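The structure under discussion appears below in the form of structure tokens.
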Amino acid sequence: MEALQEAQHNQPRGSGDNAGHDCEHVQQMLLASISMSSRHHSHCGSGEQQQQQQYINGNMPIGPMDYECCTSCKGGGREYDAIVVGTGYGGAVAACRLAQAGLKVCILEKGQRWEAPNFPKTFWQSFIQTTFNTPFGSFGPKTGLYQVHVDGDCLALVGSGVGGGSLMSAGVMVPTPKRTRKDHRWPAQWEKDWSKYESLSQEMLEPEYVPHSFPKKKIMDAIKDELEDIEQADPKGLKINIRFKDVTNKAGVKQNACVACGNCIMGCNYNAKSSTDKNYISAAVQAGADLRTESKVLFIAENPRDMAAAGNGKRGASVCASHHPENTSYMRCKHDKEEENEAGTANSVTTPAGIRKRWRVYLNKVSFLTADIVILGAGVFGTNELLIRSRERGLRLSERLGKGVSCNGNNISFVSGSPAPLVGQGIDSSSFAATPKPQRPGPSICNSYTSSAGYTIQAGTFPHNLPYYFIRLWTFGSIIGLYSFVPSAIWDQLKVWARARFSTFMVLNMIGYDESDGEITLDKSTGRLRFVAPHDSNMVKKISACHRLAKRIRAQLYVSRFRSAAAHLLGGCGAAQDPEHGVANPDGQVFDPVPGSSCDGLHPGLFVCDGSLLPCAVGVNPSATITIVAEKVAAAAVQYAARTLVKGGDLQVASNCRCGFDGENFQLASTRQVSRHLLMSGENGRISLPQAKYSTLENFLHPAPVIVRETLRGQIAGLPCELNVEMHMGLDTEDHICSRNFGDSHRILKGRVGGTMHVPLLDKDVLHIIDGSVDMCWIDNRTPYTQYMHYGLLLASASGARYVFRGKKEMHPFLGFAFAWPESTTLLVKVQQVCPQTATYDLQTSAAPATALQAEADVQKQRHPVLEGTLRVTLFELLKSLVTLQGSGRLGFVRFLLETLARTYLLRIPRVLDQPTQSATSCKALRVMPHTDTDSYVCHVLHEFSTDDGVRVSARQWICPERSENPTSSNVVLLLNGHSTECYWLPTEPSDVVRTLLHSGYEPWLFNSRLHPLHTTDRKFNLDHIAMYDIPAVVRKIEQVRGNELPIHVVAHCVGGLNIHMAILGGHVHVSKIASLLCTNSSMFFQVTRLAMVKLMLPLMPISMAILGKNTALRTYCNSEDSLRHQLLRVIAKIVPRSESCTHDACNTFSGIFGNTFWHANVTPSVHYNYGTPNIFPMSAMPHLRNILLKGHLIDEAGQEIYMENPERLAVPTTYINGGKELLVTQKTGKSAVEFMTRHHPQFLHNHKIILDYGHSDLLTGETSSRHVFPLILEHLDRVRAGRHFSQRNLKAMRVLQEWEQENPRDNFFWKLFAIGILIVLFQVIVLNIRK
């Protein structure tokens, strides 16, 4: 910018002074407007920063399987205001104008940078720089200078390198014909100021007239009357982008005079061709643009994080989350800060820090750059392929994409064997001394003849490094036969080498108007580009004209064997007024065809700026036309950047900023004056770009230390699924977690993910991963012994649907290394379709504060169910992944991964992230004793009373007046806890069942039976005593306090559910006193997991009771007052295998005796550490509970069936809730209960709910239970109170069953008599045998 301002300041006064002044004014307006926006944003963002800091300081809750899957900014790359893809006649123009307007621009080029004299000089050098793209595959270097596309009868040749097609074009600059500009497909808006933009392009490219009449021009001038009605041409001749004198161009680049060698189309080795790298690209780099070569763009996508913020009313808000497992808050990312250029000045109008860019430009499956403006100038093949691949990933584009392709009527033929001095092949430097310049071949094309019949013929020159026989391979000739072709070609090649009289030949380049109905598609089976050339009705006329010319000079004509041999490809992204007829509008901005999906039906900031924008054939060499259209598109892009300002987090159009770039006012100082800061090499006038501004992709983006490819197969929702991922590991160089101890997490085990997934249930096409992360050693302080491998992916389909993929591998140190293989190769999967605005939110966390975005996510989850499944890695695929590891960190990756597995399974050393390892004593110190929080609770009343057998019990009442006028049931909800733990009253948590009921108008009564630690008793008891005495006592107490006899509702958990069922089925509480019953992980049936059943079958419980002796109340924490019996039992309990290990004494003791009752990842640290409060665990009822578990249903202490034989007593509506991730009680517990109740009481509704990712008690104490479980409790209660608990469907089903059973009663009676008769006969036979 300093060089630019100095150049403007030193610009001489004159005709260009006003233009320079106006341009400077425009730049100042643009920079000042965005600077004001930046200050406004920084002022208004202070409150948001404070709010984010509050989130950072707090421990945000993590829901089941809703772990954090944020992507690392480092893996993504850098941010720019604008990214330009391609450096040809279209992309170079846009890059130059955007950079000169003050934007931070990145130019991406697929090919290499070529400079004279390094272009290929021999056939072999040319061959190794040629890439052949066929339907069967690509052959040759990926960054080859010459890109040959062959598909059936179609051939196309394009260039690849800094300069694009201008490197290998003949540089012919012919004005756009009037016939083309009058075509009905030609946008009328382009005609406005066409001449002004034409002068802009001419001033930059500086084409020159051909000064000499070279031999082929003389011959063509002599025989041009063979063509039909030649139109009047420029009397001065043909303008081409070649210098015929040593000059310094407008961009400050020295160029040499043309040597007339005739090798232009293979690259100019004498620095005479004005390709775009010497003017537009050089000017762009001088203005501050970054040029990146060997950077092929795979696809582009809307930034999902930008979309998520837009859905929340804050476009672009940074949502890069911390890697800390207990901190899922949103925080600003330091990579969002504006970068300073090397000179120390901010050469950018980058949006303020923390504002995400709108577009992602992917350079491979994982790495990407971001920008608010993306200009596609990669040529017809490049731009169309890029957009087609982007459409596969959900980018909404017109159906016209890839259609309307024109070859500009292009085809090639050549003549040979003429006695005329055609001089149609290039020469090398060794022939310069013997051949005067006027007698040399001259530029590749130096004349052009246009016929009014709709075609143009141009005489051209073969490069000297293309052998004659090689050219003959691609042609048909009148003397060529099946067996005569090879000897004929060899004979002609010998004549060329001998310079015989009839060895000269010349190219005839045919151009015209075709039907522009070609098409470019992508073969989904192979992933390769397919091309169908358009129809050409003038083909016969052109070939006939070439025959007449060949006959005139007595030469043999050879015509291309391809129907179309094109170097002038156009279309595929044609400009039109609406998406039904084109892909972009006349300004080049791409249409968004979905109504209402974006502003004005356009993709903000996405432009097409190359020949693919032209909707029809030009009829002549299109370079000049493409450059003019590119100037118009560049002006529109700069105007878009000027009026689209960041204001308050949203894109707003500033009405007071009118940056009009019309006519000469668009000319910038760098296009008029040589910059003093340009570095020149001194040899051949070659330009040397600053290294900071020019680099390859490998130097630009830090390569991943290791690349891992993995294939997983399995099923999702019962249907087959295949997931192919490519993981770039170790990209986050800011991660400070190093291998301090053996098996600790390391940054090389974290990375970004790309790839595909195919699930026929979701989409018929392949789903593409557009955002994703993986952590192979995710640390959670809640489960320090467990190692997780987390996969968080955002999938996109061609239909535009977005899916969030959550997968994790859980590795528990259970029974040593026995389960290492299945756990480390099994991925538990969840897939859900989401709204694009909430996709990133769902991908990161579901535990953010309640916002409109969260509400939208909840609505989406209700609309689209979560699909579960399991994917596995086979041994073959695992070995394949190891063999295909790439990167310098392969051995380190394998080492650190094996260390983590060894630490998890063998050493069993807990991991704690950024916190010291907590001992049992420190855990005990962290316990929070329950207390009454008057801010969260209304005052409760504690009722203490005695049962009929004299045991003291208590109940807490939270008074809530009845709101219904004529209630059919009471609003009282009796809460029954499980065994010795508190599940409903959690004062340390933001929400619990008690507060949920209070807020919904219910009066909770929390009952503490003799099983509760607060009411320990020395007398022995069992569950029968609780059902016989405790439950009836609390029901009477409620009736006494409430003063009415309306039935109450009961919500019970675990052993509490057993107690209420035993009380009702045993007749101790009459069913008329119960309005409804809801049980979590409990019922009259009690089915446990295999591990729990094995522990029950072993004599562990009798041994434990024998060890305890008379004192059956076990302390969960170590206490010096404990007897040796209690200390011994605690030691035994801690070594018993369990699903999850823990460092908490109370948790270890309880899980060793009873089994794990919750998944640690689901509960907060405060709930976990309060698990052993009070520090007493009554075990008197454990033998009776063991007998019930072994039996599978309710029995009394003596093992008698006194409960299940009275099902008629349980005539109430019921709901049974089970955790989907079985830990202690299986889902069969609730399923069997619903079947039992439906069979015996079909008049009521009986529901069975399964909550995914929950285990046992975490259904009620989980961090996200208020979102997933509590609504089900309220739904059940509201349904019963509203009288909607009767089931007509169940009654109808039972009647049908009864009718079916009564259809043939005689048949049943007959079979019964028949069976009795058989038995009598058998009895008689036995008696007779005995008598004998």
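By convention here, the chains of the structure tokens are called A, B, ... in the order presented, each chain's residues are numbered starting at 1, and ligands are numbered starting at 1 in the order presented.
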Using only C-alpha atoms, which residues of segment 140-200 of chain A come within 12 Å of segment 365-389 of chain A, and what is the closest atom pair for each, with the distance in Å to one decimal? Give it as CSV, sorted by chain and residue number.
```
residue,atom,partner,partner_atom,distance
A:Gln147,CA,A:Phe381,CA,10.2
A:Val148,CA,A:Phe381,CA,11.0
A:His149,CA,A:Phe381,CA,9.2
A:Ala156,CA,A:Phe381,CA,9.6
A:Leu157,CA,A:Phe381,CA,10.3
A:Val158,CA,A:Gly379,CA,8.4
A:Gly159,CA,A:Gly379,CA,9.2
A:Ser160,CA,A:Ala378,CA,9.3
A:Gly161,CA,A:Ala378,CA,10.7
A:Val162,CA,A:Ala378,CA,11.1
A:Gly163,CA,A:Ala378,CA,10.6
A:Gly164,CA,A:Ala378,CA,8.0
A:Gly165,CA,A:Gly379,CA,8.1
A:Ser166,CA,A:Gly379,CA,11.1
```
Okay, now the selection with N, CA, C and O atoms, as a compact mmCIF listing (two decimals), in the first residue's frame?
```
# COMPACT_ATOMS: atom_id res chain seq x y z
N GLN A 147 -2.51 -29.50 -20.26
CA GLN A 147 -3.60 -30.36 -19.78
C GLN A 147 -4.44 -30.78 -20.98
O GLN A 147 -5.14 -29.94 -21.59
N VAL A 148 -4.35 -32.05 -21.35
CA VAL A 148 -5.08 -32.58 -22.49
C VAL A 148 -6.27 -33.39 -21.98
O VAL A 148 -6.08 -34.34 -21.20
N HIS A 149 -7.48 -33.03 -22.38
CA HIS A 149 -8.69 -33.74 -21.98
C HIS A 149 -9.21 -34.49 -23.20
O HIS A 149 -9.53 -33.88 -24.22
N ALA A 156 -9.67 -31.51 -25.89
CA ALA A 156 -9.52 -30.13 -25.44
C ALA A 156 -8.14 -29.96 -24.85
O ALA A 156 -7.62 -30.86 -24.18
N LEU A 157 -7.53 -28.83 -25.12
CA LEU A 157 -6.19 -28.52 -24.63
C LEU A 157 -6.24 -27.21 -23.86
O LEU A 157 -6.69 -26.19 -24.38
N VAL A 158 -5.82 -27.25 -22.59
CA VAL A 158 -5.79 -26.06 -21.75
C VAL A 158 -4.43 -25.98 -21.07
O VAL A 158 -3.69 -26.97 -21.02
N GLY A 159 -4.12 -24.81 -20.55
CA GLY A 159 -2.85 -24.59 -19.89
C GLY A 159 -2.98 -24.58 -18.38
O GLY A 159 -4.05 -24.31 -17.83
N SER A 160 -1.87 -24.87 -17.70
CA SER A 160 -1.86 -24.89 -16.24
C SER A 160 -0.54 -24.29 -15.77
O SER A 160 0.52 -24.80 -16.09
N GLY A 161 -0.64 -23.24 -15.01
CA GLY A 161 0.53 -22.54 -14.50
C GLY A 161 0.14 -21.12 -14.15
O GLY A 161 -1.00 -20.70 -14.39
N VAL A 162 1.06 -20.38 -13.59
CA VAL A 162 0.77 -18.98 -13.26
C VAL A 162 0.66 -18.22 -14.57
O VAL A 162 1.64 -17.98 -15.26
N GLY A 163 -0.55 -17.86 -14.90
CA GLY A 163 -0.87 -17.28 -16.20
C GLY A 163 -1.94 -18.06 -16.92
O GLY A 163 -2.54 -17.58 -17.88
N GLY A 164 -2.20 -19.28 -16.45
CA GLY A 164 -3.27 -20.09 -17.01
C GLY A 164 -3.13 -20.32 -18.49
O GLY A 164 -2.05 -20.60 -19.02
N GLY A 165 -4.23 -20.19 -19.20
CA GLY A 165 -4.23 -20.41 -20.65
C GLY A 165 -3.43 -19.40 -21.41
O GLY A 165 -3.04 -19.65 -22.57
N SER A 166 -3.13 -18.24 -20.83
CA SER A 166 -2.36 -17.22 -21.54
C SER A 166 -0.92 -17.67 -21.77
O SER A 166 -0.23 -17.13 -22.63
```
Open item on the list: From a backbone DSSP assignment, name each residue in segment 1123-1238 of chain A labelled helix (DSSP H, G or I), as a ChimeraX atom specification.
Closed with: /A:1124-1135,1145-1153,1160-1162,1165-1169,1182-1191,1207-1209,1228-1238
Task: Residues of segment 66-201 of chain A in strand (DSSP E or B), written as a ChimeraX atom specification - done: /A:79-85,105-108,130-134,137-139,146-151,154-159,172
Please save C-alpha atoms of the selected residues as a compact mmCIF listing (two decimals), in the first residue's frame.
```txt
# COMPACT_ATOMS: atom_id res chain seq x y z
CA GLU A 79 -8.20 -16.09 6.37
CA TYR A 80 -8.48 -13.61 3.54
CA ASP A 81 -10.89 -11.01 2.33
CA ALA A 82 -10.90 -12.57 -1.13
CA ILE A 83 -9.58 -15.77 -2.68
CA VAL A 84 -9.11 -15.99 -6.43
CA VAL A 85 -8.88 -19.43 -7.99
CA VAL A 105 -6.23 -11.37 -1.56
CA CYS A 106 -4.93 -14.89 -1.99
CA ILE A 107 -4.37 -16.23 -5.51
CA LEU A 108 -4.47 -20.00 -5.89
CA THR A 130 1.67 -33.05 -20.30
CA THR A 131 -1.23 -34.45 -18.33
CA PHE A 132 -3.69 -36.65 -20.20
CA ASN A 133 -7.13 -36.66 -18.59
CA THR A 134 -9.27 -39.50 -19.89
CA GLY A 137 -7.79 -42.00 -15.47
CA SER A 138 -5.24 -39.23 -15.50
CA PHE A 139 -1.72 -39.85 -16.74
CA TYR A 146 -0.25 -28.86 -20.81
CA GLN A 147 -3.60 -30.36 -19.78
CA VAL A 148 -5.08 -32.58 -22.49
CA HIS A 149 -8.69 -33.74 -21.98
CA VAL A 150 -9.77 -36.67 -24.17
CA ASP A 151 -13.30 -38.04 -23.96
CA CYS A 154 -13.76 -34.73 -28.06
CA LEU A 155 -10.33 -33.25 -27.45
CA ALA A 156 -9.52 -30.13 -25.44
CA LEU A 157 -6.19 -28.52 -24.63
CA VAL A 158 -5.79 -26.06 -21.75
CA GLY A 159 -2.85 -24.59 -19.89
CA VAL A 172 -4.65 -13.15 -30.43
```
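Closest approach to Gln886 of chain A from the set A:Gly262, A:Pro705, A:Gly171, A:Gly574 is made by A:Pro705, with distances taken over only C-alpha atoms.
Across the structure, atom CA of Ala617 of chain A and atom CA of Asn408 of chain A are spaced 4.7 Å apart.
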Just want the 10 Å neighbourhood of Leu1223 of chain A, counted on only C-alpha atoms, with same-chain residues fewer than 3 positions away dropped. Output as a PDB file with N, CA, C and O atoms, in the first residue's frame.
```pdb
ATOM      1  N   VAL A1088     -31.046 -57.737  35.148  1.00  0.00           N
ATOM      2  CA  VAL A1088     -29.769 -57.039  35.251  1.00  0.00           C
ATOM      3  C   VAL A1088     -28.832 -57.515  34.152  1.00  0.00           C
ATOM      4  O   VAL A1088     -29.086 -58.514  33.459  1.00  0.00           O
ATOM      5  N   THR A1089     -27.725 -56.811  34.000  1.00  0.00           N
ATOM      6  CA  THR A1089     -26.749 -57.127  32.969  1.00  0.00           C
ATOM      7  C   THR A1089     -26.002 -58.415  33.308  1.00  0.00           C
ATOM      8  O   THR A1089     -26.084 -58.942  34.422  1.00  0.00           O
ATOM      9  N   ARG A1090     -25.241 -58.901  32.350  1.00  0.00           N
ATOM     10  CA  ARG A1090     -24.509 -60.150  32.542  1.00  0.00           C
ATOM     11  C   ARG A1090     -23.478 -60.019  33.651  1.00  0.00           C
ATOM     12  O   ARG A1090     -23.308 -60.940  34.468  1.00  0.00           O
ATOM     13  N   LEU A1091     -22.763 -58.895  33.661  1.00  0.00           N
ATOM     14  CA  LEU A1091     -21.758 -58.705  34.697  1.00  0.00           C
ATOM     15  C   LEU A1091     -22.401 -58.720  36.079  1.00  0.00           C
ATOM     16  O   LEU A1091     -21.899 -59.374  37.011  1.00  0.00           O
ATOM     17  N   ALA A1092     -23.513 -58.005  36.235  1.00  0.00           N
ATOM     18  CA  ALA A1092     -24.200 -57.990  37.531  1.00  0.00           C
ATOM     19  C   ALA A1092     -24.718 -59.372  37.893  1.00  0.00           C
ATOM     20  O   ALA A1092     -24.673 -59.786  39.065  1.00  0.00           O
ATOM     21  N   ARG A1138     -15.516 -53.810  37.642  1.00  0.00           N
ATOM     22  CA  ARG A1138     -16.721 -53.024  37.387  1.00  0.00           C
ATOM     23  C   ARG A1138     -16.582 -52.367  36.022  1.00  0.00           C
ATOM     24  O   ARG A1138     -15.489 -52.315  35.445  1.00  0.00           O
ATOM     25  N   SER A1139     -17.686 -51.881  35.509  1.00  0.00           N
ATOM     26  CA  SER A1139     -17.698 -51.308  34.153  1.00  0.00           C
ATOM     27  C   SER A1139     -16.807 -50.091  34.050  1.00  0.00           C
ATOM     28  O   SER A1139     -16.104 -49.891  33.053  1.00  0.00           O
ATOM     29  N   GLU A1140     -16.829 -49.214  35.058  1.00  0.00           N
ATOM     30  CA  GLU A1140     -15.999 -48.019  35.067  1.00  0.00           C
ATOM     31  C   GLU A1140     -15.299 -47.903  36.415  1.00  0.00           C
ATOM     32  O   GLU A1140     -15.939 -48.031  37.459  1.00  0.00           O
ATOM     33  N   GLY A1155     -22.574 -52.556  41.959  1.00  0.00           N
ATOM     34  CA  GLY A1155     -22.370 -52.357  40.522  1.00  0.00           C
ATOM     35  C   GLY A1155     -22.458 -50.883  40.191  1.00  0.00           C
ATOM     36  O   GLY A1155     -23.057 -50.090  40.930  1.00  0.00           O
ATOM     37  N   ASN A1156     -21.844 -50.487  39.070  1.00  0.00           N
ATOM     38  CA  ASN A1156     -21.926 -49.087  38.642  1.00  0.00           C
ATOM     39  C   ASN A1156     -23.387 -48.695  38.420  1.00  0.00           C
ATOM     40  O   ASN A1156     -24.139 -49.400  37.751  1.00  0.00           O
ATOM     41  N   THR A1157     -23.758 -47.551  38.991  1.00  0.00           N
ATOM     42  CA  THR A1157     -25.147 -47.104  38.855  1.00  0.00           C
ATOM     43  C   THR A1157     -25.290 -45.906  37.933  1.00  0.00           C
ATOM     44  O   THR A1157     -26.416 -45.464  37.695  1.00  0.00           O
ATOM     45  N   PHE A1158     -24.204 -45.348  37.434  1.00  0.00           N
ATOM     46  CA  PHE A1158     -24.291 -44.230  36.483  1.00  0.00           C
ATOM     47  C   PHE A1158     -23.015 -44.197  35.651  1.00  0.00           C
ATOM     48  O   PHE A1158     -21.962 -44.676  36.074  1.00  0.00           O
ATOM     49  N   TRP A1159     -23.154 -43.639  34.477  1.00  0.00           N
ATOM     50  CA  TRP A1159     -21.988 -43.379  33.647  1.00  0.00           C
ATOM     51  C   TRP A1159     -21.390 -42.057  34.104  1.00  0.00           C
ATOM     52  O   TRP A1159     -22.064 -41.035  34.138  1.00  0.00           O
ATOM     53  N   GLY A1219     -32.608 -46.692  30.713  1.00  0.00           N
ATOM     54  CA  GLY A1219     -31.473 -46.106  30.019  1.00  0.00           C
ATOM     55  C   GLY A1219     -31.083 -46.933  28.813  1.00  0.00           C
ATOM     56  O   GLY A1219     -31.085 -48.169  28.849  1.00  0.00           O
ATOM     57  N   GLY A1220     -30.771 -46.243  27.721  1.00  0.00           N
ATOM     58  CA  GLY A1220     -30.408 -46.955  26.496  1.00  0.00           C
ATOM     59  C   GLY A1220     -29.024 -47.557  26.538  1.00  0.00           C
ATOM     60  O   GLY A1220     -28.708 -48.476  25.773  1.00  0.00           O
ATOM     61  N   THR A1226     -31.286 -53.888  32.687  1.00  0.00           N
ATOM     62  CA  THR A1226     -31.478 -53.961  31.243  1.00  0.00           C
ATOM     63  C   THR A1226     -32.826 -53.373  30.840  1.00  0.00           C
ATOM     64  O   THR A1226     -33.715 -53.159  31.673  1.00  0.00           O
ATOM     65  N   TYR A1254     -27.954 -43.034  28.516  1.00  0.00           N
ATOM     66  CA  TYR A1254     -28.059 -42.997  29.968  1.00  0.00           C
ATOM     67  C   TYR A1254     -27.947 -44.414  30.515  1.00  0.00           C
ATOM     68  O   TYR A1254     -28.321 -45.389  29.839  1.00  0.00           O
ATOM     69  N   GLY A1255     -27.487 -44.496  31.746  1.00  0.00           N
ATOM     70  CA  GLY A1255     -27.331 -45.792  32.366  1.00  0.00           C
ATOM     71  C   GLY A1255     -28.418 -46.079  33.377  1.00  0.00           C
ATOM     72  O   GLY A1255     -29.532 -46.459  33.034  1.00  0.00           O
ATOM     73  N   HIS A1256     -28.138 -45.835  34.650  1.00  0.00           N
ATOM     74  CA  HIS A1256     -29.079 -46.188  35.722  1.00  0.00           C
ATOM     75  C   HIS A1256     -29.561 -44.925  36.442  1.00  0.00           C
ATOM     76  O   HIS A1256     -30.506 -44.286  36.012  1.00  0.00           O
ATOM     77  N   SER A1257     -28.903 -44.546  37.514  1.00  0.00           N
ATOM     78  CA  SER A1257     -29.371 -43.380  38.264  1.00  0.00           C
ATOM     79  C   SER A1257     -29.099 -42.067  37.545  1.00  0.00           C
ATOM     80  O   SER A1257     -29.689 -41.039  37.894  1.00  0.00           O
TER      81      SER A1257
END
```
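Take atom CA of Gly1283 of chain A and atom CA of Pro1207 of chain A: the distance between them is 22.6 Å.
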Open item on the list: Just want the 10 Å neighbourhood of Thr826 of chain A, counted on only C-alpha atoms, with same-chain residues fewer than 3 positions away dropped. Output as a PyMOL selection string.
Closed with: chain A and resi 712-714+807-811+821-823+829+870-874
Could you turn the residues from that selection into a file that holds C-alpha atoms, as an mmCIF file, in the first residue's frame?
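What landed in out_37.cif:
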```cif
data_model
loop_
_atom_site.group_PDB
_atom_site.id
_atom_site.type_symbol
_atom_site.label_atom_id
_atom_site.label_comp_id
_atom_site.auth_asym_id
_atom_site.auth_seq_id
_atom_site.Cartn_x
_atom_site.Cartn_y
_atom_site.Cartn_z
ATOM 1 C CA LEU A 712 -15.106 -48.625 8.850
ATOM 2 C CA ARG A 713 -18.088 -50.742 7.944
ATOM 3 C CA GLY A 714 -21.172 -51.671 9.863
ATOM 4 C CA GLY A 807 -18.906 -41.451 17.001
ATOM 5 C CA LYS A 808 -16.808 -42.624 19.874
ATOM 6 C CA LYS A 809 -14.795 -45.601 20.946
ATOM 7 C CA GLU A 810 -14.827 -46.322 24.658
ATOM 8 C CA MET A 811 -11.952 -48.256 26.169
ATOM 9 C CA TRP A 821 -9.561 -55.357 20.408
ATOM 10 C CA PRO A 822 -13.360 -55.044 20.238
ATOM 11 C CA GLU A 823 -13.383 -51.732 22.118
ATOM 12 C CA VAL A 829 -22.284 -44.014 16.015
ATOM 13 C CA THR A 870 -22.048 -49.528 15.089
ATOM 14 C CA LEU A 871 -19.070 -49.389 12.737
ATOM 15 C CA ARG A 872 -16.039 -51.618 12.981
ATOM 16 C CA VAL A 873 -12.537 -51.770 11.609
ATOM 17 C CA THR A 874 -11.524 -55.192 10.376
#
```
Need to verify the contact set: Arg1209 of chain A, 8 Å, only C-alpha atoms, exclusion of same-chain residues closer than 5 positions in sequence. Can you return it as a PDB file with C-alpha atoms, in the first residue's frame?
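The resulting result-v8.pdb:
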```pdb
ATOM      1  CA  ILE A1064     -49.630 -52.453  45.819  1.00  0.00           C
ATOM      2  CA  LEU A1065     -49.434 -56.075  44.654  1.00  0.00           C
ATOM      3  CA  GLY A1067     -52.319 -55.352  49.184  1.00  0.00           C
ATOM      4  CA  HIS A1070     -54.956 -49.984  47.891  1.00  0.00           C
ATOM      5  CA  VAL A1071     -54.828 -49.105  44.231  1.00  0.00           C
TER       6      VAL A1071
END
```
Task: Which of A:Gly152, A:Pro135, A:Pro1271, A:Gly267 sits closest to Glu115 of chain A [using only C-alpha atoms] - done: A:Gly267
Task: Spatial neighbours of His1025 of chain A, max dist 12 Å, only C-alpha atoms, sep filter under 2 positions, as a ChimeraX atom specification - done: /A:947-951,1009-1011,1019-1023,1027-1033,1059-1060,1062-1063,1066,1068,1180-1181,1184,1196-1197
